[in-house]
>>> print(open('protein10.pdb').read())   # PDB, C-alpha atoms
ATOM      1  CA  MET A   1       5.648  -5.117   3.329
ATOM      2  CA  PRO A   2       3.750  -7.776   1.368
ATOM      3  CA  PHE A   3       3.359 -11.200   2.854
ATOM      4  CA  VAL A   4       1.967 -14.096   0.821
ATOM      5  CA  ARG A   5       0.930 -17.569   1.926
ATOM      6  CA  ARG A   6      -0.191 -20.475  -0.208
ATOM      7  CA  TYR A   7      -2.531 -23.017   1.386
ATOM      8  CA  LYS A   8      -3.186 -26.449  -0.072
ATOM      9  CA  ASP A   9      -5.521 -29.352   0.763
ATOM     10  CA  MET A  10      -7.387 -27.462   3.467
ATOM     11  CA  ASN A  11     -10.910 -27.453   1.990
ATOM     12  CA  THR A  12     -11.395 -23.865   3.146
ATOM     13  CA  ASP A  13     -14.612 -21.888   2.849
ATOM     14  CA  LEU A  14     -12.992 -18.885   1.170
ATOM     15  CA  ASN A  15     -16.106 -16.700   1.156
ATOM     16  CA  ALA A  16     -16.553 -17.100   4.911
ATOM     17  CA  LEU A  17     -12.849 -16.514   5.480
ATOM     18  CA  TYR A  18     -12.980 -13.329   3.433
ATOM     19  CA  LYS A  19     -16.045 -12.049   5.292
ATOM     20  CA  ASP A  20     -14.367 -12.605   8.657
ATOM     21  CA  ILE A  21     -11.254 -10.766   7.466
ATOM     22  CA  VAL A  22     -13.427  -7.822   6.337
ATOM     23  CA  SER A  23     -15.107  -7.823   9.787
ATOM     24  CA  GLU A  24     -11.692  -7.821  11.435
ATOM     25  CA  LEU A  25     -10.702  -4.715   9.444
ATOM     26  CA  GLN A  26     -14.042  -3.051  10.178
ATOM     27  CA  ASN A  27     -13.519  -3.594  13.906
ATOM     28  CA  GLU A  28     -10.375  -1.471  13.883
ATOM     29  CA  LYS A  29     -11.558   2.041  14.742
ATOM     30  CA  ASP A  30      -8.745   3.842  12.884
ATOM     31  CA  LEU A  31      -9.457   2.029   9.628
ATOM     32  CA  ASN A  32     -12.158   2.414   7.024
ATOM     33  CA  ILE A  33     -12.880   0.005   4.174
ATOM     34  CA  GLY A  34     -11.919   1.913   1.035
ATOM     35  CA  LYS A  35     -12.566  -0.693  -1.615
ATOM     36  CA  GLU A  36     -13.592  -4.287  -2.136
ATOM     37  CA  LEU A  37     -13.064  -6.153  -5.407
ATOM     38  CA  LYS A  38     -14.642  -9.566  -6.014
ATOM     39  CA  GLY A  39     -14.830 -11.670  -9.154
ATOM     40  CA  ASP A  40     -12.833 -13.940 -11.412
ATOM     41  CA  VAL A  41      -9.505 -13.075 -12.954
ATOM     42  CA  ASN A  42      -8.955 -15.344 -15.967
ATOM     43  CA  GLY A  43     -11.211 -17.936 -14.362
ATOM     44  CA  VAL A  44      -9.577 -17.805 -10.939
ATOM     45  CA  PRO A  45     -11.749 -16.526  -8.031
ATOM     46  CA  PHE A  46     -10.360 -13.328  -6.557
ATOM     47  CA  MET A  47     -11.382 -11.224  -3.530
ATOM     48  CA  SER A  48      -9.530  -8.177  -2.282
ATOM     49  CA  VAL A  49     -10.240  -5.623   0.427
ATOM     50  CA  THR A  50      -8.370  -2.404   1.183
ATOM     51  CA  ALA A  51      -8.816  -0.463   4.413
ATOM     52  CA  ASN A  52      -7.317   2.989   4.886
ATOM     53  CA  ARG A  53      -6.406   4.902   7.991
ATOM     54  CA  THR A  54      -8.972   7.658   8.318
ATOM     55  CA  THR A  55      -7.514   9.631  11.217
ATOM     56  CA  VAL A  56      -4.478  11.887  11.407
ATOM     57  CA  PRO A  57      -1.756   9.976  13.248
ATOM     58  CA  LYS A  58      -0.089  11.548  16.286
ATOM     59  CA  LEU A  59       3.309  10.603  14.935
ATOM     60  CA  ILE A  60       4.070   9.441  11.484
ATOM     61  CA  THR A  61       7.076   7.195  10.925
ATOM     62  CA  GLY A  62       5.994   3.582  10.783
ATOM     63  CA  THR A  63       2.334   4.356  11.452
ATOM     64  CA  LEU A  64      -0.191   2.157   9.671
ATOM     65  CA  ARG A  65      -1.475   3.838   6.497
ATOM     66  CA  GLU A  66      -3.410   1.084   4.710
ATOM     67  CA  VAL A  67      -4.013  -2.640   4.762
ATOM     68  CA  THR A  68      -4.920  -4.842   1.794
ATOM     69  CA  VAL A  69      -5.859  -8.496   2.100
ATOM     70  CA  THR A  70      -6.361 -10.533  -1.072
ATOM     71  CA  ILE A  71      -7.529 -14.120  -1.438
ATOM     72  CA  THR A  72      -7.266 -15.861  -4.785
ATOM     73  CA  GLY A  73      -7.669 -19.473  -5.831
ATOM     74  CA  GLU A  74      -9.850 -22.431  -4.977
ATOM     75  CA  LYS A  75     -10.690 -23.980  -1.607
ATOM     76  CA  GLU A  76      -7.981 -26.651  -1.990
ATOM     77  CA  ASP A  77      -5.285 -24.369  -3.391
ATOM     78  CA  TYR A  78      -5.269 -20.671  -2.686
ATOM     79  CA  LEU A  79      -3.114 -17.681  -1.898
ATOM     80  CA  ILE A  80      -3.574 -14.984   0.725
ATOM     81  CA  GLU A  81      -1.625 -11.758   0.394
ATOM     82  CA  MET A  82      -1.469  -9.214   3.197
ATOM     83  CA  HIS A  83       0.018  -5.799   2.603
ATOM     84  CA  THR A  84       0.443  -3.238   5.372
ATOM     85  CA  GLY A  85       1.661   0.186   4.280
ATOM     86  CA  GLU A  86       3.233   2.782   6.505
ATOM     87  CA  TRP A  87       4.263   6.387   6.101
ATOM     88  CA  PHE A  88       7.859   7.464   5.633
ATOM     89  CA  SER A  89       9.316   4.135   6.718
ATOM     90  CA  ASN A  90      12.528   4.888   4.875
ATOM     91  CA  LEU A  91      13.230   7.807   7.193
ATOM     92  CA  ALA A  92      13.848   5.516  10.136
ATOM     93  CA  MET A  93      17.513   4.733  10.693
ATOM     94  CA  PRO A  94      18.073   1.043  11.324
ATOM     95  CA  TYR A  95      19.413   0.081  14.755
ATOM     96  CA  MET A  96      19.253   3.612  16.113
ATOM     97  CA  GLY A  97      15.548   4.063  16.622
ATOM     98  CA  ALA A  98      16.089   7.518  15.219
ATOM     99  CA  THR A  99      15.069   9.388  12.131
ATOM    100  CA  ILE A 100      17.161  11.239   9.617
ATOM    101  CA  LEU A 101      15.144  14.443   9.609
ATOM    102  CA  VAL A 102      16.144  17.482  11.567
ATOM    103  CA  GLY A 103      14.719  20.984  11.750
ATOM    104  CA  PRO A 104      11.026  21.773  11.319
ATOM    105  CA  LEU A 105      10.150  18.304  10.074
ATOM    106  CA  ALA A 106      11.640  16.431  13.034
ATOM    107  CA  GLY A 107       8.372  16.325  14.959
ATOM    108  CA  LEU A 108       6.783  14.615  12.027
ATOM    109  CA  ALA A 109       9.273  11.815  11.933
ATOM    110  CA  ALA A 110       9.454  10.809  15.589
ATOM    111  CA  ALA A 111       8.410   7.204  16.029
ATOM    112  CA  GLY A 112       5.605   6.639  18.478
ATOM    113  CA  THR A 113       4.857   3.814  20.826
ATOM    114  CA  THR A 114       1.148   4.338  21.320
ATOM    115  CA  GLY A 115      -0.032   4.722  17.729
ATOM    116  CA  LEU A 116      -1.316   2.087  15.344
ATOM    117  CA  MET A 117       2.020   0.865  14.049
ATOM    118  CA  ALA A 118       2.139  -1.047  10.770
ATOM    119  CA  ALA A 119       4.547  -3.711  12.028
ATOM    120  CA  ASN A 120       2.460  -4.457  15.129
ATOM    121  CA  TYR A 121      -0.790  -4.436  13.224
ATOM    122  CA  GLY A 122       0.641  -6.677  10.504
ATOM    123  CA  ARG A 123       1.756  -9.225  13.098
ATOM    124  CA  LYS A 124      -1.612  -9.165  14.829
ATOM    125  CA  LEU A 125      -3.548  -9.549  11.580
ATOM    126  CA  LYS A 126      -1.278 -12.364  10.386
ATOM    127  CA  ASN A 127      -2.029 -14.336  13.539
ATOM    128  CA  LYS A 128      -5.731 -13.586  13.251
ATOM    129  CA  ILE A 129      -5.793 -14.793   9.632
ATOM    130  CA  LYS A 130      -4.108 -18.037  10.692
ATOM    131  CA  GLU A 131      -6.821 -18.529  13.304
ATOM    132  CA  LEU A 132      -9.558 -17.777  10.737
ATOM    133  CA  VAL A 133      -8.063 -20.167   8.165
ATOM    134  CA  LYS A 134      -8.229 -22.935  10.788
ATOM    135  CA  LYS A 135     -11.789 -21.962  11.687
ATOM    136  CA  HIS A 136     -13.023 -22.110   8.089
ATOM    137  CA  SER A 137     -11.100 -25.211   6.952
ATOM    138  CA  LYS A 138     -12.531 -28.709   7.060
ATOM    139  CA  GLU A 139      -9.130 -30.352   6.827
ATOM    140  CA  LYS A 140      -6.542 -30.137   9.565
ATOM    141  CA  TYR A 141      -4.077 -27.225   9.406
ATOM    142  CA  THR A 142      -0.477 -28.394   9.235
ATOM    143  CA  ASP A 143       2.736 -26.599   8.335
ATOM    144  CA  GLU A 144       3.261 -28.897   5.333
ATOM    145  CA  LYS A 145       0.134 -27.479   3.711
ATOM    146  CA  VAL A 146       1.325 -23.899   4.012
ATOM    147  CA  GLU A 147       4.081 -22.100   2.119
ATOM    148  CA  THR A 148       5.145 -18.558   2.921
ATOM    149  CA  PHE A 149       6.576 -16.068   0.423
ATOM    150  CA  THR A 150       8.149 -12.877   1.710
TER
ATOM    151  CA  MET B 151      10.278   9.694  -1.011
ATOM    152  CA  ARG B 152      11.760  13.096  -1.683
ATOM    153  CA  LYS B 153      12.660  16.056   0.482
ATOM    154  CA  TYR B 154      12.430  19.483  -1.169
ATOM    155  CA  LYS B 155      14.072  22.624   0.196
ATOM    156  CA  ASP B 156      14.079  26.316  -0.721
ATOM    157  CA  LEU B 157      11.458  26.064  -3.453
ATOM    158  CA  ASN B 158       8.695  28.160  -1.888
ATOM    159  CA  THR B 159       6.137  25.648  -3.104
ATOM    160  CA  ASN B 160       2.392  26.170  -2.925
ATOM    161  CA  LEU B 161       1.683  22.835  -1.247
ATOM    162  CA  ASP B 162      -2.108  23.214  -1.411
ATOM    163  CA  GLY B 163      -1.955  23.866  -5.156
ATOM    164  CA  LEU B 164       0.396  20.940  -5.644
ATOM    165  CA  TYR B 165      -1.838  18.608  -3.642
ATOM    166  CA  GLN B 166      -4.954  19.622  -5.589
ATOM    167  CA  ASP B 167      -3.226  18.969  -8.906
ATOM    168  CA  ILE B 168      -2.011  15.549  -7.724
ATOM    169  CA  LYS B 169      -5.553  14.757  -6.638
ATOM    170  CA  LYS B 170      -6.854  15.740 -10.090
ATOM    171  CA  GLU B 171      -4.244  13.517 -11.657
ATOM    172  CA  LEU B 172      -5.468  10.536  -9.631
ATOM    173  CA  GLN B 173      -9.123  11.355 -10.332
ATOM    174  CA  GLN B 174      -8.506  11.502 -14.063
ATOM    175  CA  ASP B 175      -7.183   7.958 -14.154
ATOM    176  CA  LYS B 176     -10.122   5.729 -15.115
ATOM    177  CA  ASP B 177      -8.581   2.710 -13.405
ATOM    178  CA  LEU B 178      -8.463   4.439 -10.022
ATOM    179  CA  THR B 179     -10.928   5.819  -7.506
ATOM    180  CA  VAL B 180     -10.032   8.093  -4.596
ATOM    181  CA  ALA B 181     -10.769   6.085  -1.434
ATOM    182  CA  ASN B 182      -9.386   8.282   1.298
ATOM    183  CA  GLU B 183      -8.066  11.771   2.004
ATOM    184  CA  THR B 184      -6.680  12.840   5.350
ATOM    185  CA  GLU B 185      -5.471  16.289   6.257
ATOM    186  CA  GLY B 186      -4.190  17.701   9.532
ATOM    187  CA  ILE B 187      -1.252  18.760  11.661
ATOM    188  CA  ILE B 188       1.218  16.370  13.230
ATOM    189  CA  ASN B 189       3.391  17.957  15.902
ATOM    190  CA  ASP B 190       2.915  21.355  14.218
ATOM    191  CA  VAL B 191       3.771  19.997  10.777
ATOM    192  CA  PRO B 192       1.043  20.266   8.087
ATOM    193  CA  PHE B 193       0.194  16.916   6.523
ATOM    194  CA  LYS B 194      -2.033  15.801   3.636
ATOM    195  CA  THR B 195      -2.444  12.353   2.228
ATOM    196  CA  ILE B 196      -4.565  10.840  -0.520
ATOM    197  CA  THR B 197      -5.115   7.205  -1.451
ATOM    198  CA  ALA B 198      -6.619   6.032  -4.723
ATOM    199  CA  VAL B 199      -7.428   2.376  -5.197
ATOM    200  CA  ARG B 200      -8.034   0.282  -8.255
ATOM    201  CA  ALA B 201     -11.645   0.760  -9.298
ATOM    202  CA  SER B 202     -12.250  -2.534 -11.077
ATOM    203  CA  LEU B 203     -11.098  -6.123 -11.205
ATOM    204  CA  PRO B 204      -7.737  -6.469 -12.905
ATOM    205  CA  ARG B 205      -7.392  -8.623 -16.034
ATOM    206  CA  ALA B 206      -4.260 -10.135 -14.580
ATOM    207  CA  ILE B 207      -2.913  -9.963 -11.084
ATOM    208  CA  THR B 208       0.837 -10.031 -10.791
ATOM    209  CA  GLY B 209       2.353  -6.589 -10.642
ATOM    210  CA  THR B 210      -0.941  -4.849 -11.454
ATOM    211  CA  LEU B 211      -1.502  -1.483  -9.803
ATOM    212  CA  ARG B 212      -3.571  -1.963  -6.621
ATOM    213  CA  GLU B 213      -3.360   1.386  -4.847
ATOM    214  CA  VAL B 214      -1.494   4.676  -4.932
ATOM    215  CA  THR B 215      -0.873   6.894  -1.916
ATOM    216  CA  VAL B 216       0.666  10.345  -2.157
ATOM    217  CA  THR B 217       1.560  12.198   1.030
ATOM    218  CA  ILE B 218       2.831  15.751   1.403
ATOM    219  CA  ALA B 219       4.099  17.067   4.738
ATOM    220  CA  GLY B 220       5.929  20.214   5.712
ATOM    221  CA  TYR B 221       6.202  23.891   4.751
ATOM    222  CA  PRO B 222       6.692  25.716   1.433
ATOM    223  CA  ASP B 223      10.479  25.858   1.915
ATOM    224  CA  GLU B 224      10.970  22.438   3.482
ATOM    225  CA  TRP B 225       8.694  19.530   2.768
ATOM    226  CA  LEU B 226       8.480  15.847   2.033
ATOM    227  CA  LEU B 227       6.596  13.997  -0.654
ATOM    228  CA  GLU B 228       6.052  10.263  -0.469
ATOM    229  CA  MET B 229       4.513   8.182  -3.238
ATOM    230  CA  HIS B 230       3.577   4.553  -2.773
ATOM    231  CA  ALA B 231       2.282   2.391  -5.631
ATOM    232  CA  GLY B 232       1.247  -1.068  -4.477
ATOM    233  CA  SER B 233       0.788  -4.147  -6.639
ATOM    234  CA  TRP B 234      -0.668  -7.598  -6.105
ATOM    235  CA  PHE B 235       1.610 -10.560  -5.514
ATOM    236  CA  GLY B 236       4.727  -8.672  -6.556
ATOM    237  CA  ASN B 237       6.953 -11.036  -4.573
ATOM    238  CA  MET B 238       5.820 -14.056  -6.577
ATOM    239  CA  ILE B 239       7.320 -12.956  -9.876
ATOM    240  CA  LEU B 240      10.343 -14.962 -10.943
ATOM    241  CA  PRO B 241      13.060 -12.485 -11.901
ATOM    242  CA  GLY B 242      14.273 -12.692 -15.457
ATOM    243  CA  ALA B 243      11.814 -15.361 -16.498
ATOM    244  CA  GLY B 244       8.617 -13.330 -16.688
ATOM    245  CA  GLY B 245       6.922 -16.177 -14.875
ATOM    246  CA  PHE B 246       5.085 -16.765 -11.656
ATOM    247  CA  LEU B 247       6.513 -18.725  -8.750
ATOM    248  CA  VAL B 248       3.365 -20.779  -8.237
ATOM    249  CA  ALA B 249       2.055 -23.086 -10.918
ATOM    250  CA  GLY B 250      -1.376 -24.672 -11.172
ATOM    251  CA  PRO B 251      -4.633 -22.745 -10.974
ATOM    252  CA  PHE B 252      -2.893 -19.437 -10.428
ATOM    253  CA  GLY B 253      -1.086 -19.457 -13.748
ATOM    254  CA  ALA B 254      -3.889 -17.724 -15.616
ATOM    255  CA  ALA B 255      -4.637 -15.208 -12.878
ATOM    256  CA  ALA B 256      -1.009 -14.323 -12.550
ATOM    257  CA  THR B 257      -0.237 -13.713 -16.198
ATOM    258  CA  VAL B 258       0.854 -10.192 -16.848
ATOM    259  CA  GLY B 259      -1.051  -8.825 -19.820
ATOM    260  CA  GLY B 260      -0.028  -6.189 -22.270
ATOM    261  CA  THR B 261      -2.952  -3.938 -21.403
ATOM    262  CA  VAL B 262      -2.921  -3.998 -17.604
ATOM    263  CA  VAL B 263      -1.805  -0.984 -15.592
ATOM    264  CA  LEU B 264       1.400  -2.097 -13.951
ATOM    265  CA  ALA B 265       2.438  -0.498 -10.681
ATOM    266  CA  ALA B 266       6.041   0.040 -11.774
ATOM    267  CA  GLU B 267       4.986   1.735 -15.005
ATOM    268  CA  TYR B 268       2.380   3.891 -13.256
ATOM    269  CA  SER B 269       4.858   4.865 -10.580
ATOM    270  CA  ARG B 270       7.369   6.077 -13.170
ATOM    271  CA  LYS B 271       4.730   8.109 -15.006
ATOM    272  CA  MET B 272       3.427   9.662 -11.783
ATOM    273  CA  LYS B 273       6.922  10.513 -10.538
ATOM    274  CA  ASN B 274       7.594  12.479 -13.716
ATOM    275  CA  ARG B 275       4.200  14.158 -13.500
ATOM    276  CA  ILE B 276       4.829  15.175  -9.894
ATOM    277  CA  LYS B 277       8.191  16.662 -10.865
ATOM    278  CA  ALA B 278       6.428  18.826 -13.473
ATOM    279  CA  LEU B 279       3.793  19.871 -10.915
ATOM    280  CA  VAL B 280       6.407  20.755  -8.300
ATOM    281  CA  LYS B 281       8.076  23.066 -10.830
ATOM    282  CA  ASN B 282       4.704  24.539 -11.717
ATOM    283  CA  HIS B 283       3.788  25.338  -8.096
ATOM    284  CA  SER B 284       7.163  26.559  -6.863
ATOM    285  CA  GLY B 285       8.064  30.227  -6.536
ATOM    286  CA  LYS B 286      11.791  29.559  -6.819
ATOM    287  CA  ALA B 287      13.898  27.821  -9.453
ATOM    288  CA  TYR B 288      13.932  24.021  -9.301
ATOM    289  CA  SER B 289      17.379  22.454  -9.108
ATOM    290  CA  GLU B 290      18.635  19.006  -8.184
ATOM    291  CA  SER B 291      20.648  20.463  -5.283
ATOM    292  CA  LYS B 292      17.382  21.345  -3.515
ATOM    293  CA  ILE B 293      16.105  17.783  -3.608
ATOM    294  CA  GLU B 294      17.076  14.719  -1.655
ATOM    295  CA  THR B 295      15.733  11.268  -2.536
ATOM    296  CA  PHE B 296      15.340   8.536   0.080
ATOM    297  CA  VAL B 297      15.013   4.945  -0.983
ATOM    298  CA  SER B 298      14.106   1.995   1.204
TER
END
>>> encode(input="protein10.pdb", output="structure tokens")
Amino acid sequence: MPFVRRYKDMNTDLNALYKDIVSELQNEKDLNIGKELKGDVNGVPFMSVTANRTTVPKLITGTLREVTVTITGEKEDYLIEMHTGEWFSNLAMPYMGATILVGPLAGLAAAGTTGLMAANYGRKLKNKIKELVKKHSKEKYTDEKVETFT
Amino acid sequence: MRKYKDLNTNLDGLYQDIKKELQQDKDLTVANETEGIINDVPFKTITAVRASLPRAITGTLREVTVTIAGYPDEWLLEMHAGSWFGNMILPGAGGFLVAGPFGAAATVGGTVVLAAEYSRKMKNRIKALVKNHSGKAYSESKIETFVS
């Protein structure tokens, strides 16, 4: 599920913010940095990092598969996009906590409670990014300076 | 995501051909492969990511993940094609929700690899490969598609 925020008038050190986000991904033992892209896209600075799950999950439905964080823009006007992907999310039946697979594939689809779940990880990383934006911004963080796109 | 039944598919052969397909795309590089057993069910997954900076951002292909899990006569295939800032496109207007410095970066060019376009191409390619690696006749009644 992609999640985009636009930040304005924060005077943020985007390089430092990006480096701290990369460190955050590197600190997660189940993830491995697969690719980093840095440069300008039509004159707009752009940095993107993708980390992939490198271990076989114990259970699959809803388990974190990959994370991509992208920062684009200037220190006074920029966007951060966070994408967390999960396996077979469309096999989970809403409100029932169940899955729609039976037979030999059922074991595959059972949702776990101890694994690295995409929803939990996404929430944790979102909060961490908020903390890092505050850390690397010279101007005060206020809700009026932030717009969220879901 | 699709569930395939009664096709007697060579899942290793299928996976290898999908991997080749991803490797042959000059815009992509294979970043991760994971293989194992989950609760007795064989599982293979491959992720290819964009190899270079895009010329434009919105809707451009960012990563592709293909996962195969199950047995020759009952298995699942999931394909995910991710794009940058997909939720900032204004429907019907071909524009971008945010103006200002992002306008140029967001512009969708005629030559960029778009996730939606790639996804369609890959889906058709996978269908051909499934037929190629299956020991039994392919028919729509053996396939179930799940959408989110």
>>> interface_residues(input="protein10.pdb", of="chain A", to="chain B", cutoff="6 Å", atoms="only C-alpha atoms", output="PyMOL selection string")
chain A and resi 34+41-42+44+58+90+107-108
>>> atom_distance(input="protein10.pdb", atom1="CA of Arg5 in chain A", atom2="CA of Asp77 in chain A")
10.6 Å
>>> residues_around(input="protein10.pdb", residues="Thr159 in chain B", least_positions_apart="3", cutoff="8 Å", atoms="all atoms listed in the file", output="ChimeraX atom specification")
/B:164,222-223,280,283-286
>>> resolve_selection(input="protein10.pdb", expression="the PyMOL selection byres ((chain A and resi 60) around 10)", output="list in words")
Val56, Pro57, Lys58, Leu59, Thr61, Gly62, Thr63, Leu64, Arg65, Glu86, Trp87, Phe88, Ser89, Gly107, Leu108, Ala109, Ala110, Ala111, Gly112, Gly115, Leu116 and Met117 of chain A; Ile188, Asn189 and Phe193 of chain B
>>> atom_distance(input="protein10.pdb", atom1="CA of Glu36 in chain A", atom2="CA of Thr50 in chain A")
6.5 Å
>>> atom_distance(input="protein10.pdb", atom1="CA of Ile168 in chain B", atom2="CA of Asn32 in chain A")
22.2 Å
>>> resolve_selection(input="protein10.pdb", expression="the PyMOL selection byres ((chain A and resi 138) around 9)", output="PDB file with C-alpha atoms, in the coordinates of the input")
ATOM      1  CA  MET A  10      -7.387 -27.462   3.467  1.00  0.00           C
ATOM      2  CA  ASN A  11     -10.910 -27.453   1.990  1.00  0.00           C
ATOM      3  CA  THR A  12     -11.395 -23.865   3.146  1.00  0.00           C
ATOM      4  CA  ASP A  13     -14.612 -21.888   2.849  1.00  0.00           C
ATOM      5  CA  LYS A 134      -8.229 -22.935  10.788  1.00  0.00           C
ATOM      6  CA  LYS A 135     -11.789 -21.962  11.687  1.00  0.00           C
ATOM      7  CA  HIS A 136     -13.023 -22.110   8.089  1.00  0.00           C
ATOM      8  CA  SER A 137     -11.100 -25.211   6.952  1.00  0.00           C
ATOM      9  CA  GLU A 139      -9.130 -30.352   6.827  1.00  0.00           C
ATOM     10  CA  LYS A 140      -6.542 -30.137   9.565  1.00  0.00           C
ATOM     11  CA  TYR A 141      -4.077 -27.225   9.406  1.00  0.00           C
TER      12      TYR A 141
END
>>> axis_aligned_box(input="protein10.pdb", around="range 151-167 of chain B", padding_each_side="8 Å", output="AutoDock Vina command-line options")
--center_x 4.6 --center_y 18.9 --center_z -4.2 --size_x 35.0 --size_y 34.5 --size_z 25.4
>>> resolve_selection(input="protein10.pdb", expression="the PyMOL selection byres ((chain A and resi 128) around 12)", output="CSV table (one decimal) with C-alpha atoms, keeping the file's coordinate frame")
chain,number,residue,atom,x,y,z
A,17,LEU,CA,-12.8,-16.5,5.5
A,20,ASP,CA,-14.4,-12.6,8.7
A,21,ILE,CA,-11.3,-10.8,7.5
A,22,VAL,CA,-13.4,-7.8,6.3
A,23,SER,CA,-15.1,-7.8,9.8
A,24,GLU,CA,-11.7,-7.8,11.4
A,25,LEU,CA,-10.7,-4.7,9.4
A,82,MET,CA,-1.5,-9.2,3.2
A,121,TYR,CA,-0.8,-4.4,13.2
A,122,GLY,CA,0.6,-6.7,10.5
A,123,ARG,CA,1.8,-9.2,13.1
A,124,LYS,CA,-1.6,-9.2,14.8
A,125,LEU,CA,-3.5,-9.5,11.6
A,126,LYS,CA,-1.3,-12.4,10.4
A,127,ASN,CA,-2.0,-14.3,13.5
A,129,ILE,CA,-5.8,-14.8,9.6
A,130,LYS,CA,-4.1,-18.0,10.7
A,131,GLU,CA,-6.8,-18.5,13.3
A,132,LEU,CA,-9.6,-17.8,10.7
A,133,VAL,CA,-8.1,-20.2,8.2
A,134,LYS,CA,-8.2,-22.9,10.8
A,135,LYS,CA,-11.8,-22.0,11.7
>>> residues_near_point(input="protein10.pdb", point="(16.6, 18.8, -4.6)", cutoff="10 Å", atoms="all atoms listed in the file", output="number ranges by chain")
B: 152-157, 288-295
>>> closest_residue(input="protein10.pdb", among="A:Met47, A:Ala106, A:Val4, A:Leu31", to="Lys19 in chain A", atoms="all atoms listed in the file")
A:Met47
>>> closest_residue(input="protein10.pdb", among="A:Gln26, A:Thr142, A:Ser48, A:Thr72", to="Asp9 in chain A", atoms="only C-alpha atoms")
A:Thr142
